[in-house]
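Worksheet for the structure shown next.
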Amino acid sequence: MDEVFKALADASRRRLLDSLNARNGQSLRELCSGLDMTRQSVSKHLVLLEAAGLVTTVRRGREKLHHLNAAPINAIADRWISRYDRERVRALADLKSALERSPMDSNAFVYTTYIRTTPEQLWQALTDPAFTTRYWGVAFESDWKAGSAMVWEEGGNKVADPDQVVLVSEPGRRLSYTWHTFTSEWAAAAGVGSDVFAKVAVERRSKVTFDLEQVGEMVKLTVVHDDLDPGSTVREMVGEGWPALLSSLKTLLETGAPLPEPTH
């Protein structure tokens, strides 16, 4: 937390964060063109912001794209706001929404967290139905090989589709798969209204990618949910769901018990 406050104390670094908040997923060149700073200065500031966990990066070909990461801000809010604010859930939701709002030209959801575990244990937590049902309420049927089918089981309903497949499978390093098909049975079990279901049912299928990286005694987990339509309703839903889900996953691996399900 000291590194977060030190990073935020500099006005130039706050300007960089403001730039990413306005338009997420920028390259170094794009950040330099929008700010009155040299490339070297921007690079140095980005190194400190990334070290503090306020910025996370994703490789796209030769480019390195920078994304605002809300996890450290959420940690600060959880440490102090929870003591004094009875409406904690609403306060955190507002904070998360401000930090993770998807700009019109960058629809991907990106979130980074650090978990005190091993890559092997985290991989198991992402793929083993015994784990996923505890913090997610979802069980997967798959052999987790690239190209293999996936069956989603949630709320007593199974969803199978030829386009629900594993895209990348590198145990302990990277996992990527397409998102599930939205069915009326799923909507009813998940409490999704007919108006929302009508919107998500016609959106293109998105995908999620998990990158795992050992950092000392921790594992850096970066989640990228992309291939979303502009103005996507699914983007709004995963933007609300992933932070709570990943917090519960982190708590389960570090304490043995997941967080209670948030009250909607």
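Order determines the names: the first chain of the structure tokens is A, the second B, and so forth; residues in each chain are numbered 1 upward, and ligands are numbered 1 upward as they are shown.
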
- Message: Write out as a ChimeraX atom specification the set of residues from segment 105-220 of chain A that DSSP, computed on the backbone, places in alpha helix (DSSP H).
- Response: /A:119-127,129-135,184-190,194-200

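Close contacts of Val42 of chain A, defined as residues with an atom at most 12 Å away when counting only C-alpha atoms, with chain neighbours fewer than 6 positions off set aside, comprise Ser12, Arg13, Arg14, Arg15, Leu16, Leu17, Ser19, Ser27, Leu28, Arg29, Glu30, Leu31, Cys32, Ser33, Gly34, Leu35, Asp36, Leu48, Leu49 and His66 of chain A.
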
- Spatial neighbours of segment 188-197 of chain A, max dist 10 Å, only C-alpha atoms, sep filter under 2 positions, as a PyMOL selection string: chain A and resi 154-157+182-186+199-202+233-234+237

- Return the single residue from A:Thr209, A:Tyr177, A:Asp128, A:Glu254 that is closest to Ala149 of chain A, with distances computed using only C-alpha atoms. A:Tyr177

- Message: Can you pull out the residues contacting Ser142 of chain A? Cut-off 9 Å, using only C-alpha atoms, and skip same-chain residues under 2 positions away; I want them as a PyMOL selection string.
- Response: chain A and resi 127+140+144-145+148-151+165-166

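Between atom CA of Ala9 of chain A and atom CA of Lys64 of chain A the interatomic distance comes to 25.1 Å.
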
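Of the residues under consideration (A:Asn107, A:Ile115, A:Gly53, A:His67), A:Asn107 shows the shortest atom-to-atom contact distance to Gly231 of chain A when counting only C-alpha atoms.
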
- Message: Which residues are near Ala139 of chain A? Cut-off 6 Å, only C-alpha atoms, ignore same chain within fewer than 3 positions. Put them as a list of chain:residue names.
- Response: A:Pro129, A:Thr132, A:Thr133, A:Glu153

Could you dump the residues just selected with C-alpha atoms as a PDB file, in the first residue's frame?
```
ATOM      1  CA  PRO A 129     -15.083 -28.121 -10.546  1.00  0.00           C
ATOM      2  CA  THR A 132     -14.868 -23.317  -9.123  1.00  0.00           C
ATOM      3  CA  THR A 133     -18.204 -24.196  -7.537  1.00  0.00           C
ATOM      4  CA  GLU A 153     -23.038 -26.088 -15.234  1.00  0.00           C
TER       5      GLU A 153
END
```

- Message: Between atom CA of Ala130 of chain A and atom CA of Val208 of chain A, what distance in Å does the model show, to one decimal?
- Response: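 So the answer is 20.4 Å.
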
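With only C-alpha atoms as the atoms that count, the minimum distance from Glu203 of chain A to the choices A:Ala7, A:Leu228, A:Val168, A:Val138 is reached by A:Leu228.
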
- Task: as a VMD selection string, please: all residues of segment 118-257 of chain A that backbone DSSP puts in strand (DSSP E or B).
- Result: chain A and resid 138 to 141 149 to 154 157 to 170 174 to 178 207 to 215 218 to 226

- Message: Please report the interatomic distance between atom CA of Gly216 of chain A and atom CA of Gly256 of chain A in Å with one decimal.
- Response: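 Between atom CA of Gly216 of chain A and atom CA of Gly256 of chain A the gap is 20.8 Å.
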
- Item | Residue neighbourhood Val55 of chain A, 12 Å, only C-alpha atoms, exclusion window fewer than 5 positions, as number ranges by chain | A: 4, 7-8, 13-14, 16-21, 24-26, 45-50, 64-73, 99-100, 110-113, 222
